[in-house]
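Colleague: Below is the file final18.pdb, with PDB, C-alpha atoms.
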ATOM      1  CA  MET A   1      50.365 -35.641  -8.397
ATOM      2  CA  THR A   2      46.892 -36.100  -9.884
ATOM      3  CA  VAL A   3      44.111 -33.955  -8.462
ATOM      4  CA  GLN A   4      41.070 -36.180  -8.125
ATOM      5  CA  HIS A   5      37.657 -34.866  -9.055
ATOM      6  CA  LYS A   6      35.259 -34.667  -6.153
ATOM      7  CA  PRO A   7      31.510 -34.233  -6.450
ATOM      8  CA  ASN A   8      30.468 -30.626  -5.948
ATOM      9  CA  THR A   9      27.275 -29.029  -4.692
ATOM     10  CA  GLU A  10      26.050 -28.213  -8.201
ATOM     11  CA  GLU A  11      26.374 -31.842  -9.284
ATOM     12  CA  LEU A  12      24.651 -33.042  -6.122
ATOM     13  CA  VAL A  13      21.753 -30.626  -6.690
ATOM     14  CA  SER A  14      21.391 -31.958 -10.263
ATOM     15  CA  ILE A  15      21.342 -35.538  -9.020
ATOM     16  CA  ALA A  16      18.775 -34.757  -6.320
ATOM     17  CA  GLU A  17      16.557 -32.859  -8.763
ATOM     18  CA  MET A  18      16.736 -35.771 -11.217
ATOM     19  CA  VAL A  19      15.575 -38.182  -8.495
ATOM     20  CA  TRP A  20      12.755 -35.849  -7.474
ATOM     21  CA  SER A  21      11.550 -35.340 -11.031
ATOM     22  CA  SER A  22      11.709 -39.086 -11.737
ATOM     23  CA  TYR A  23      10.126 -40.494  -8.600
ATOM     24  CA  LEU A  24       9.043 -38.022  -5.951
ATOM     25  CA  ASP A  25       7.617 -35.176  -8.004
ATOM     26  CA  PRO A  26       7.030 -36.528 -11.522
ATOM     27  CA  ASP A  27       4.240 -34.002 -12.134
ATOM     28  CA  GLY A  28       6.383 -31.067 -11.066
ATOM     29  CA  VAL A  29       3.984 -29.872  -8.377
ATOM     30  CA  ARG A  30       5.970 -30.657  -5.211
ATOM     31  CA  PRO A  31       9.605 -29.849  -6.038
ATOM     32  CA  LEU A  32      12.567 -30.102  -3.745
ATOM     33  CA  VAL A  33      13.332 -26.537  -2.612
ATOM     34  CA  VAL A  34      17.085 -26.315  -2.191
ATOM     35  CA  ASP A  35      18.502 -23.977   0.454
ATOM     36  CA  PRO A  36      20.723 -21.277  -1.106
ATOM     37  CA  ALA A  37      23.382 -22.137   1.474
ATOM     38  CA  PRO A  38      23.275 -25.599   3.021
ATOM     39  CA  GLY A  39      22.471 -25.834   6.694
ATOM     40  CA  TRP A  40      23.294 -28.725   8.977
ATOM     41  CA  GLY A  41      21.531 -31.592   7.299
ATOM     42  CA  LEU A  42      20.598 -34.064  10.003
ATOM     43  CA  GLY A  43      17.838 -33.839  12.573
ATOM     44  CA  PRO A  44      17.719 -36.020  15.710
ATOM     45  CA  THR A  45      14.799 -38.114  14.473
ATOM     46  CA  ASP A  46      15.657 -38.213  10.782
ATOM     47  CA  VAL A  47      15.596 -41.318   8.642
ATOM     48  CA  VAL A  48      19.124 -41.563   7.236
ATOM     49  CA  ALA A  49      20.155 -43.914   4.448
ATOM     50  CA  THR A  50      23.781 -44.407   3.512
ATOM     51  CA  VAL A  51      25.625 -46.157   0.744
ATOM     52  CA  ALA A  52      29.376 -46.631   0.621
ATOM     53  CA  ILE A  53      31.513 -46.243  -2.481
ATOM     54  CA  SER A  54      34.832 -48.006  -2.347
ATOM     55  CA  GLY A  55      37.708 -48.606  -4.699
ATOM     56  CA  ALA A  56      39.525 -45.911  -6.653
ATOM     57  CA  TRP A  57      37.691 -43.434  -4.411
ATOM     58  CA  ASP A  58      36.217 -44.136  -0.993
ATOM     59  CA  GLY A  59      33.264 -42.277   0.371
ATOM     60  CA  ARG A  60      29.743 -42.367   1.670
ATOM     61  CA  VAL A  61      26.557 -40.828   0.373
ATOM     62  CA  LEU A  62      23.948 -39.871   2.965
ATOM     63  CA  LEU A  63      20.313 -39.110   2.298
ATOM     64  CA  SER A  64      18.160 -37.895   5.161
ATOM     65  CA  PHE A  65      14.465 -37.176   5.467
ATOM     66  CA  SER A  66      12.451 -35.956   8.416
ATOM     67  CA  PRO A  67      10.040 -38.748   9.456
ATOM     68  CA  PRO A  68       7.039 -37.122   7.665
ATOM     69  CA  ALA A  69       9.107 -36.585   4.500
ATOM     70  CA  ALA A  70      10.337 -40.191   4.648
ATOM     71  CA  ARG A  71       6.771 -41.495   4.814
ATOM     72  CA  ARG A  72       5.730 -39.164   2.004
ATOM     73  CA  ALA A  73       8.630 -40.360  -0.159
ATOM     74  CA  SER A  74       7.708 -43.966   0.520
ATOM     75  CA  ALA A  75       4.069 -43.310  -0.372
ATOM     76  CA  ALA A  76       5.136 -41.653  -3.617
ATOM     77  CA  LEU A  77       7.423 -44.518  -4.622
ATOM     78  CA  LEU A  78       4.927 -47.221  -3.713
ATOM     79  CA  ALA A  79       1.933 -45.319  -5.118
ATOM     80  CA  ILE A  80       0.216 -45.490  -1.712
ATOM     81  CA  ALA A  81      -2.549 -42.891  -1.589
ATOM     82  CA  GLU A  82      -2.605 -42.373   2.183
ATOM     83  CA  VAL A  83       0.669 -41.561   3.939
ATOM     84  CA  ASP A  84      -0.718 -43.145   7.128
ATOM     85  CA  ASP A  85      -0.794 -46.505   5.322
ATOM     86  CA  VAL A  86       2.995 -46.499   4.890
ATOM     87  CA  GLY A  87       4.743 -49.034   7.134
ATOM     88  CA  GLU A  88       8.204 -48.865   8.691
ATOM     89  CA  GLY A  89       9.473 -51.528   6.293
ATOM     90  CA  ASP A  90       8.235 -49.444   3.377
ATOM     91  CA  VAL A  91      10.170 -46.435   4.676
ATOM     92  CA  ALA A  92      13.436 -48.345   5.082
ATOM     93  CA  ASP A  93      13.110 -49.880   1.623
ATOM     94  CA  ALA A  94      12.136 -46.635  -0.113
ATOM     95  CA  VAL A  95      14.683 -44.333   1.522
ATOM     96  CA  GLY A  96      17.389 -46.972   1.078
ATOM     97  CA  GLU A  97      16.579 -47.308  -2.608
ATOM     98  CA  LEU A  98      16.670 -43.545  -3.105
ATOM     99  CA  ALA A  99      20.104 -43.448  -1.455
ATOM    100  CA  ASN A 100      21.170 -46.284  -3.736
ATOM    101  CA  ILE A 101      20.107 -44.311  -6.815
ATOM    102  CA  ILE A 102      21.811 -41.129  -5.640
ATOM    103  CA  GLY A 103      24.909 -43.127  -4.655
ATOM    104  CA  GLY A 104      25.045 -44.701  -8.091
ATOM    105  CA  SER A 105      24.931 -41.286  -9.713
ATOM    106  CA  VAL A 106      27.700 -39.995  -7.429
ATOM    107  CA  LYS A 107      29.715 -43.129  -8.162
ATOM    108  CA  SER A 108      29.501 -42.402 -11.889
ATOM    109  CA  LEU A 109      31.257 -39.059 -11.292
ATOM    110  CA  MET A 110      34.224 -40.669  -9.617
ATOM    111  CA  PRO A 111      37.293 -42.437 -10.990
ATOM    112  CA  GLN A 112      36.741 -46.139 -11.571
ATOM    113  CA  PRO A 113      36.776 -48.881 -10.593
ATOM    114  CA  THR A 114      34.573 -48.472  -7.567
ATOM    115  CA  VAL A 115      31.949 -50.647  -5.938
ATOM    116  CA  LEU A 116      28.669 -49.449  -4.470
ATOM    117  CA  SER A 117      27.436 -51.090  -1.266
ATOM    118  CA  LEU A 118      23.893 -52.061  -0.512
ATOM    119  CA  PRO A 119      22.095 -49.268   1.391
ATOM    120  CA  ALA A 120      21.869 -49.137   5.181
ATOM    121  CA  VAL A 121      19.025 -47.231   6.817
ATOM    122  CA  HIS A 122      19.143 -45.705  10.288
ATOM    123  CA  THR A 123      16.549 -43.736  12.245
ATOM    124  CA  GLY A 124      17.597 -41.252  14.919
ATOM    125  CA  ALA A 125      20.726 -39.319  15.764
ATOM    126  CA  PHE A 126      23.467 -40.031  13.248
ATOM    127  CA  PRO A 127      27.138 -39.399  13.913
ATOM    128  CA  ASP A 128      29.102 -36.813  11.962
ATOM    129  CA  LEU A 129      31.186 -38.881   9.566
ATOM    130  CA  GLY A 130      33.654 -36.073   8.898
ATOM    131  CA  GLY A 131      35.309 -35.598   5.536
ATOM    132  CA  GLU A 132      32.299 -33.864   4.036
ATOM    133  CA  VAL A 133      32.808 -33.074   0.348
ATOM    134  CA  CYS A 134      29.486 -31.394  -0.373
ATOM    135  CA  ARG A 135      26.001 -31.148   1.064
ATOM    136  CA  VAL A 136      22.615 -30.096  -0.207
ATOM    137  CA  THR A 137      19.857 -29.226   2.215
ATOM    138  CA  GLY A 138      16.352 -28.136   1.487
ATOM    139  CA  THR A 139      12.695 -28.740   2.080
ATOM    140  CA  TRP A 140      10.080 -30.876   0.432
ATOM    141  CA  ASP A 141       6.533 -29.839   1.230
ATOM    142  CA  GLY A 142       8.030 -27.890   4.124
ATOM    143  CA  GLU A 143       9.867 -30.901   5.573
ATOM    144  CA  PRO A 144      13.668 -31.020   5.800
ATOM    145  CA  VAL A 145      15.715 -33.160   3.440
ATOM    146  CA  SER A 146      19.460 -33.411   2.946
ATOM    147  CA  VAL A 147      21.952 -35.183   0.722
ATOM    148  CA  ALA A 148      25.651 -35.261   1.515
ATOM    149  CA  VAL A 149      28.822 -36.828   0.188
ATOM    150  CA  HIS A 150      31.664 -37.677   2.545
ATOM    151  CA  GLU A 151      35.131 -38.801   1.636
ATOM    152  CA  VAL A 152      36.492 -41.628   3.738
ATOM    153  CA  ALA A 153      40.190 -41.626   4.421
ATOM    154  CA  VAL A 154      41.597 -45.085   3.760
ATOM    155  CA  TYR A 155      44.681 -45.854   5.784
ATOM    156  CA  VAL A 156      47.472 -47.177   3.646
ATOM    157  CA  GLY A 157      50.242 -48.706   5.707
ATOM    158  CA  VAL A 158      53.579 -50.191   4.811
ATOM    159  CA  SER A 159      54.566 -53.289   6.732
ATOM    160  CA  ARG A 160      58.062 -54.008   7.882
ATOM    161  CA  THR A 161      58.407 -56.357   4.929
ATOM    162  CA  GLY A 162      57.538 -53.527   2.579
ATOM    163  CA  GLU A 163      54.092 -54.794   1.619
ATOM    164  CA  THR A 164      51.389 -52.177   1.366
ATOM    165  CA  SER A 165      48.023 -52.784   2.899
ATOM    166  CA  GLN A 166      44.684 -50.956   3.043
TER     167      GLN A 166
ATOM    168  CA  MET B   1       5.186 -62.686 -22.259
ATOM    169  CA  ARG B   2       6.720 -63.789 -18.979
ATOM    170  CA  ILE B   3       8.934 -61.014 -17.600
ATOM    171  CA  LEU B   4      11.176 -61.611 -14.592
ATOM    172  CA  ILE B   5      11.902 -58.505 -12.494
ATOM    173  CA  ALA B   6      14.775 -58.895 -10.047
ATOM    174  CA  ASP B   7      15.625 -56.291  -7.422
ATOM    175  CA  ASP B   8      16.283 -56.586  -3.702
ATOM    176  CA  SER B   9      14.121 -53.503  -3.176
ATOM    177  CA  ARG B  10      10.390 -54.191  -3.226
ATOM    178  CA  VAL B  11       9.916 -50.491  -3.899
ATOM    179  CA  MET B  12      12.056 -50.673  -7.012
ATOM    180  CA  ARG B  13      10.369 -53.859  -8.267
ATOM    181  CA  GLN B  14       7.088 -52.029  -7.962
ATOM    182  CA  ILE B  15       8.460 -48.977  -9.775
ATOM    183  CA  VAL B  16       9.762 -51.165 -12.599
ATOM    184  CA  SER B  17       6.352 -52.867 -12.905
ATOM    185  CA  ARG B  18       4.590 -49.500 -12.884
ATOM    186  CA  THR B  19       6.990 -48.053 -15.451
ATOM    187  CA  LEU B  20       6.351 -51.000 -17.750
ATOM    188  CA  ARG B  21       2.642 -50.195 -17.612
ATOM    189  CA  GLN B  22       3.296 -46.460 -18.102
ATOM    190  CA  ALA B  23       5.426 -47.331 -21.132
ATOM    191  CA  GLY B  24       2.435 -49.122 -22.602
ATOM    192  CA  TYR B  25       3.418 -52.715 -21.931
ATOM    193  CA  ASP B  26       0.243 -54.065 -20.392
ATOM    194  CA  GLY B  27      -0.933 -57.625 -20.205
ATOM    195  CA  HIS B  28       2.385 -59.324 -19.549
ATOM    196  CA  ASP B  29       3.027 -61.850 -16.809
ATOM    197  CA  LEU B  30       5.300 -59.974 -14.377
ATOM    198  CA  VAL B  31       7.164 -62.152 -11.880
ATOM    199  CA  GLU B  32       9.139 -60.436  -9.099
ATOM    200  CA  VAL B  33      12.177 -61.935  -7.371
ATOM    201  CA  ALA B  34      14.349 -60.407  -4.637
ATOM    202  CA  ASP B  35      17.921 -61.483  -5.463
ATOM    203  CA  GLY B  36      20.097 -63.081  -8.098
ATOM    204  CA  LYS B  37      19.710 -66.599  -6.715
ATOM    205  CA  GLN B  38      15.925 -66.336  -6.868
ATOM    206  CA  LEU B  39      16.261 -64.935 -10.380
ATOM    207  CA  TYR B  40      18.359 -67.877 -11.502
ATOM    208  CA  ASP B  41      15.998 -70.377  -9.859
ATOM    209  CA  ALA B  42      12.928 -68.744 -11.434
ATOM    210  CA  ALA B  43      14.559 -68.594 -14.871
ATOM    211  CA  VAL B  44      15.557 -72.256 -14.756
ATOM    212  CA  ALA B  45      12.155 -73.362 -13.441
ATOM    213  CA  GLN B  46      10.343 -71.607 -16.272
ATOM    214  CA  PRO B  47      12.442 -69.795 -18.880
ATOM    215  CA  PRO B  48      11.276 -66.179 -19.218
ATOM    216  CA  ASP B  49      10.779 -64.093 -22.346
ATOM    217  CA  LEU B  50      12.582 -61.114 -20.810
ATOM    218  CA  VAL B  51      14.621 -60.394 -17.673
ATOM    219  CA  LEU B  52      14.932 -56.955 -16.069
ATOM    220  CA  SER B  53      17.468 -57.171 -13.275
ATOM    221  CA  ASP B  54      19.187 -54.966 -10.764
ATOM    222  CA  TRP B  55      22.960 -55.381 -10.607
ATOM    223  CA  ASN B  56      23.742 -54.943  -6.932
ATOM    224  CA  MET B  57      21.813 -57.608  -4.999
ATOM    225  CA  PRO B  58      22.526 -59.941  -2.083
ATOM    226  CA  GLU B  59      23.071 -63.704  -2.418
ATOM    227  CA  MET B  60      24.012 -63.550  -6.089
ATOM    228  CA  ASN B  61      24.369 -60.249  -7.942
ATOM    229  CA  GLY B  62      22.731 -59.586 -11.287
ATOM    230  CA  LEU B  63      25.875 -60.200 -13.309
ATOM    231  CA  GLU B  64      26.472 -63.548 -11.616
ATOM    232  CA  ALA B  65      22.854 -64.473 -12.221
ATOM    233  CA  LEU B  66      23.176 -63.560 -15.899
ATOM    234  CA  VAL B  67      26.286 -65.714 -16.290
ATOM    235  CA  ALA B  68      24.546 -68.646 -14.565
ATOM    236  CA  ILE B  69      21.410 -68.205 -16.679
ATOM    237  CA  ARG B  70      23.416 -68.193 -19.902
ATOM    238  CA  ALA B  71      25.391 -71.226 -18.690
ATOM    239  CA  ALA B  72      22.060 -73.007 -18.217
ATOM    240  CA  GLY B  73      21.332 -72.414 -21.892
ATOM    241  CA  ILE B  74      18.619 -69.797 -21.365
ATOM    242  CA  LYS B  75      18.842 -67.204 -24.103
ATOM    243  CA  ALA B  76      16.052 -64.792 -23.079
ATOM    244  CA  PRO B  77      16.792 -61.094 -23.578
ATOM    245  CA  PHE B  78      18.386 -59.807 -20.373
ATOM    246  CA  GLY B  79      18.640 -56.155 -19.387
ATOM    247  CA  PHE B  80      20.012 -54.485 -16.305
ATOM    248  CA  VAL B  81      18.018 -51.782 -14.518
ATOM    249  CA  THR B  82      20.595 -50.397 -12.184
ATOM    250  CA  THR B  83      22.474 -47.456 -10.769
ATOM    251  CA  GLU B  84      25.644 -48.978 -12.225
ATOM    252  CA  GLY B  85      25.989 -47.187 -15.534
ATOM    253  CA  SER B  86      29.718 -46.685 -16.055
ATOM    254  CA  PRO B  87      31.282 -47.714 -19.402
ATOM    255  CA  GLU B  88      33.128 -50.503 -17.566
ATOM    256  CA  MET B  89      29.888 -51.884 -16.150
ATOM    257  CA  ARG B  90      28.179 -51.656 -19.533
ATOM    258  CA  LYS B  91      31.036 -53.592 -21.124
ATOM    259  CA  LYS B  92      30.886 -56.240 -18.405
ATOM    260  CA  ALA B  93      27.131 -56.531 -18.920
ATOM    261  CA  VAL B  94      27.367 -56.891 -22.695
ATOM    262  CA  ASP B  95      30.306 -59.301 -22.468
ATOM    263  CA  ALA B  96      28.212 -61.521 -20.185
ATOM    264  CA  GLY B  97      25.302 -61.516 -22.609
ATOM    265  CA  ALA B  98      23.124 -58.580 -21.566
ATOM    266  CA  MET B  99      21.181 -56.799 -24.282
ATOM    267  CA  PHE B 100      20.902 -53.388 -22.603
ATOM    268  CA  LEU B 101      21.420 -51.436 -19.423
ATOM    269  CA  ILE B 102      18.939 -48.861 -18.121
ATOM    270  CA  THR B 103      20.243 -46.590 -15.395
ATOM    271  CA  LYS B 104      18.206 -45.446 -12.406
ATOM    272  CA  PRO B 105      16.507 -43.049 -12.266
ATOM    273  CA  PHE B 106      14.662 -44.019 -15.433
ATOM    274  CA  THR B 107      11.533 -42.936 -17.236
ATOM    275  CA  ALA B 108       8.854 -44.682 -19.288
ATOM    276  CA  GLU B 109      10.636 -43.292 -22.357
ATOM    277  CA  SER B 110      13.934 -44.901 -21.446
ATOM    278  CA  PHE B 111      12.050 -48.195 -21.083
ATOM    279  CA  ARG B 112      10.403 -47.766 -24.488
ATOM    280  CA  ASP B 113      13.750 -46.976 -26.143
ATOM    281  CA  VAL B 114      15.147 -50.392 -25.306
ATOM    282  CA  LEU B 115      12.015 -52.526 -24.920
ATOM    283  CA  ASP B 116      10.016 -51.619 -28.028
ATOM    284  CA  PRO B 117      12.036 -53.984 -30.243
ATOM    285  CA  ILE B 118      11.406 -56.820 -27.764
ATOM    286  CA  LEU B 119       7.854 -56.259 -26.554
ATOM    287  CA  ARG B 120       6.094 -54.651 -29.554
TER     288      ARG B 120
END
Here is a file; write its structure as structure tokens.

Modeller:
Amino acid sequence: MTVQHKPNTEELVSIAEMVWSSYLDPDGVRPLVVDPAPGWGLGPTDVVATVAISGAWDGRVLLSFSPPAARRASAALLAIAEVDDVGEGDVADAVGELANIIGGSVKSLMPQPTVLSLPAVHTGAFPDLGGEVCRVTGTWDGEPVSVAVHEVAVYVGVSRTGETSQ
Amino acid sequence: MRILIADDSRVMRQIVSRTLRQAGYDGHDLVEVADGKQLYDAAVAQPPDLVLSDWNMPEMNGLEALVAIRAAGIKAPFGFVTTEGSPEMRKKAVDAGAMFLITKPFTAESFRDVLDPILR
């Protein structure tokens, strides 16, 4: 039996730090401060973006920001000087794109072939997906942020004719 | 030069445009499109000098757009700017006629590495 590699916390921290240094803190003045031990990542009003990875490995990558952090991230990506000028559409686009980038990096760690979905963005209470593989929580300018990877169990059945299905 | 930038994320199109400027490529005609179908239509309407395209887009993905653009006889340099950076994806891209693949997140330097031979 082959033991499949799964993303670990260290890899997820590296991915998050790469995204921060590229887009959210390019000058190195407002870094992501990672919690030494991850807490529960999702708040009841958080902006949560997810991407699904499917194929040789099936999972989801979640990125969550508190509402102020989501607006700040959107302002940084869109080079908008005033956070108050950020619209809801900007937030959905920006947080979704960040999840897409993080998802792509997680995907590259996994056995291939896999396919990455387009991002989906949700605001408010988000259900526990279960199957958590690793999670990074922290703060950005004092606002909570989290990134998590969940493995999705894919049911493989055998029909009465012996055909397998997923 | 006319540069087509295709990405379903307006944020990412803006980041690509900004990174081009940060990399020192000012003064080009940057045209943004939001999916592969729009990319194909824009390329056919007025052939570009360079295409920078996301891979994963609705309507028609970047690879499908590249294949359609090549089938239309348009030979402009085509590069992917995408999260999809596995060896398999790179091979698919090159086999379809792409010149390079830049993975997100990217920097102005990673743009210069591949674009200097085209834009300088």

Colleague: Given the PyMOL selection byres ((chain A) within 9 of (chain B)) and the file above, list the residues it selects as a PyMOL selection string.

Modeller: chain A and resi 18-19+22-23+74+77-79+90+93-94+96-97+100-105+107-108+112-113+116-118

Colleague: As JSON, please: the centre and edge lengths in Å, to one decimal, of an axis-aligned box enclosing every listed atom of stretch 71-80 of chain A with 5 Å added on each side.

Modeller:
{"center_x": 4.4, "center_y": -43.2, "center_z": -0.2, "size_x": 18.4, "size_y": 18.1, "size_z": 19.9}

Colleague: For B:Trp55, list every protein, DNA or RNA residue within 10 Å, evaluated using only C-alpha atoms, and leave out those in the same chain fewer than 5 positions away; present the list as an NGL selection string.

Modeller: :B and (6-8 or 35-36 or 60-66 or 79-84 or 89 or 93 or 101)

Colleague: Have a look at atom CA of B:Gly24 and atom CA of B:Met99 and let me know their distance in Å, one decimal.

Modeller: 20.3 Å

Colleague: For stretch 35-50 of chain A, work out the shell of residues within 7 Å, counting only C-alpha atoms and skipping chain neighbours fewer than 6 positions away, then give it as a list in words.

Modeller: Arg60, Val61, Leu62, Leu63, Ser64, Phe65, Ser66, Pro67, Ala70, Val95, Gly96, Ala99, Pro119, Ala120, Val121, His122, Thr123, Gly124, Ala125, Arg135, Val136, Thr137, Gly138 and Ser146 of chain A

Colleague: Tell me, as a list in words, which residues lie within 10 Å of B:Val31, counting only C-alpha atoms; anything in the same chain fewer than 4 positions away does not count.

Modeller: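 Residues meeting the cut-off are Arg2, Ile3, Leu4, Ile5, Ala6, Arg13, Ser17, Leu39, Ala42, Pro48 and Val51 of chain B.
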
Colleague: Mind giving me the straight-line distance from atom CA of A:Ser21 to atom CA of A:Leu109 in Å, one decimal?

Modeller: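 Separation between atom CA of A:Ser21 and atom CA of A:Leu109: 20.1 Å.
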
Colleague: For atom CA of A:Ala52 and atom CA of A:Val149, determine how far apart the two atoms are, in Å to one decimal place.

Modeller: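 These atoms are spaced 9.8 Å apart.
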
Colleague: Specify as a PyMOL selection string each residue included when the PyMOL selection byres ((chain B and resi 70-76) around 8) is applied to this file.

Modeller: chain B and resi 43-44+47-51+66-69+77-78+97

Colleague: From the options A:Val51, A:Ala81, A:Ala76, A:Leu12, which residue's atoms come nearest to A:Pro26, counting all atoms listed in the file?

Modeller: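 Of A:Val51, A:Ala81, A:Ala76, A:Leu12, the one nearest A:Pro26 is A:Ala76, counting all atoms listed in the file.
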
Colleague: Quick one: residues within 7 Å of stretch 126-132 of chain A, all atoms listed in the file counted, chain neighbours fewer than 6 positions away excluded, as a PDB file with C-alpha atoms, in the frame of the given file?

Modeller:
ATOM      1  CA  VAL A 149      28.822 -36.828   0.188  1.00  0.00           C
ATOM      2  CA  HIS A 150      31.664 -37.677   2.545  1.00  0.00           C
ATOM      3  CA  GLU A 151      35.131 -38.801   1.636  1.00  0.00           C
ATOM      4  CA  VAL A 152      36.492 -41.628   3.738  1.00  0.00           C
TER       5      VAL A 152
END

Colleague: Selection in question (the file shown): the PyMOL selection byres ((chain A and resi 84-87) around 7). Which residues does it include, as a PyMOL selection string?

Modeller: chain A and resi 71+74-75+82-83+88-91

Colleague: Give me a file of those residues, with C-alpha atoms, as a compact mmCIF listing (two decimals), in the frame of the given file.

Modeller:
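Saved to part24.txt:
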# COMPACT_ATOMS: atom_id res chain seq x y z
CA ARG A 71 6.77 -41.50 4.81
CA SER A 74 7.71 -43.97 0.52
CA ALA A 75 4.07 -43.31 -0.37
CA GLU A 82 -2.60 -42.37 2.18
CA VAL A 83 0.67 -41.56 3.94
CA GLU A 88 8.20 -48.86 8.69
CA GLY A 89 9.47 -51.53 6.29
CA ASP A 90 8.24 -49.44 3.38
CA VAL A 91 10.17 -46.44 4.68

Colleague: Would you fill out stretch 42-48 of chain A with all heavy atoms and return it as a short mmCIF file (atom, residue, chain, number, x, y, z; two decimals), keeping the file's coordinate frame?

Modeller:
data_model
loop_
_atom_site.label_atom_id
_atom_site.label_comp_id
_atom_site.auth_asym_id
_atom_site.auth_seq_id
_atom_site.Cartn_x
_atom_site.Cartn_y
_atom_site.Cartn_z
N LEU A 42 21.23 -32.94 9.31
CA LEU A 42 20.60 -34.06 10.00
C LEU A 42 19.86 -33.63 11.26
O LEU A 42 20.41 -32.95 12.12
CB LEU A 42 21.66 -35.10 10.37
CG LEU A 42 22.48 -35.66 9.20
CD1 LEU A 42 23.55 -36.60 9.71
CD2 LEU A 42 21.58 -36.36 8.21
N GLY A 43 18.61 -34.07 11.36
CA GLY A 43 17.84 -33.84 12.57
C GLY A 43 17.89 -35.06 13.46
O GLY A 43 18.20 -36.17 13.00
N PRO A 44 17.55 -34.92 14.75
CA PRO A 44 17.72 -36.02 15.71
C PRO A 44 16.78 -37.20 15.49
O PRO A 44 17.02 -38.28 16.02
CB PRO A 44 17.45 -35.35 17.06
CG PRO A 44 16.65 -34.13 16.74
CD PRO A 44 17.08 -33.68 15.39
N THR A 45 15.72 -37.00 14.73
CA THR A 45 14.80 -38.11 14.47
C THR A 45 14.75 -38.49 12.99
O THR A 45 13.86 -39.23 12.57
CB THR A 45 13.37 -37.76 14.95
OG1 THR A 45 12.93 -36.60 14.22
CG2 THR A 45 13.33 -37.48 16.43
N ASP A 46 15.69 -37.99 12.23
CA ASP A 46 15.66 -38.21 10.78
C ASP A 46 15.84 -39.69 10.42
O ASP A 46 16.47 -40.46 11.16
CB ASP A 46 16.77 -37.42 10.09
CG ASP A 46 16.37 -35.97 9.88
OD1 ASP A 46 15.24 -35.61 10.24
OD2 ASP A 46 17.20 -35.21 9.35
N VAL A 47 15.32 -40.02 9.25
CA VAL A 47 15.60 -41.32 8.64
C VAL A 47 16.78 -41.09 7.71
O VAL A 47 16.70 -40.28 6.79
CB VAL A 47 14.37 -41.83 7.85
CG1 VAL A 47 14.69 -43.18 7.21
CG2 VAL A 47 13.15 -41.93 8.76
N VAL A 48 17.88 -41.79 7.98
CA VAL A 48 19.12 -41.56 7.24
C VAL A 48 19.52 -42.85 6.52
O VAL A 48 19.65 -43.90 7.15
CB VAL A 48 20.28 -41.13 8.18
CG1 VAL A 48 21.54 -40.82 7.37
CG2 VAL A 48 19.88 -39.94 9.03
#
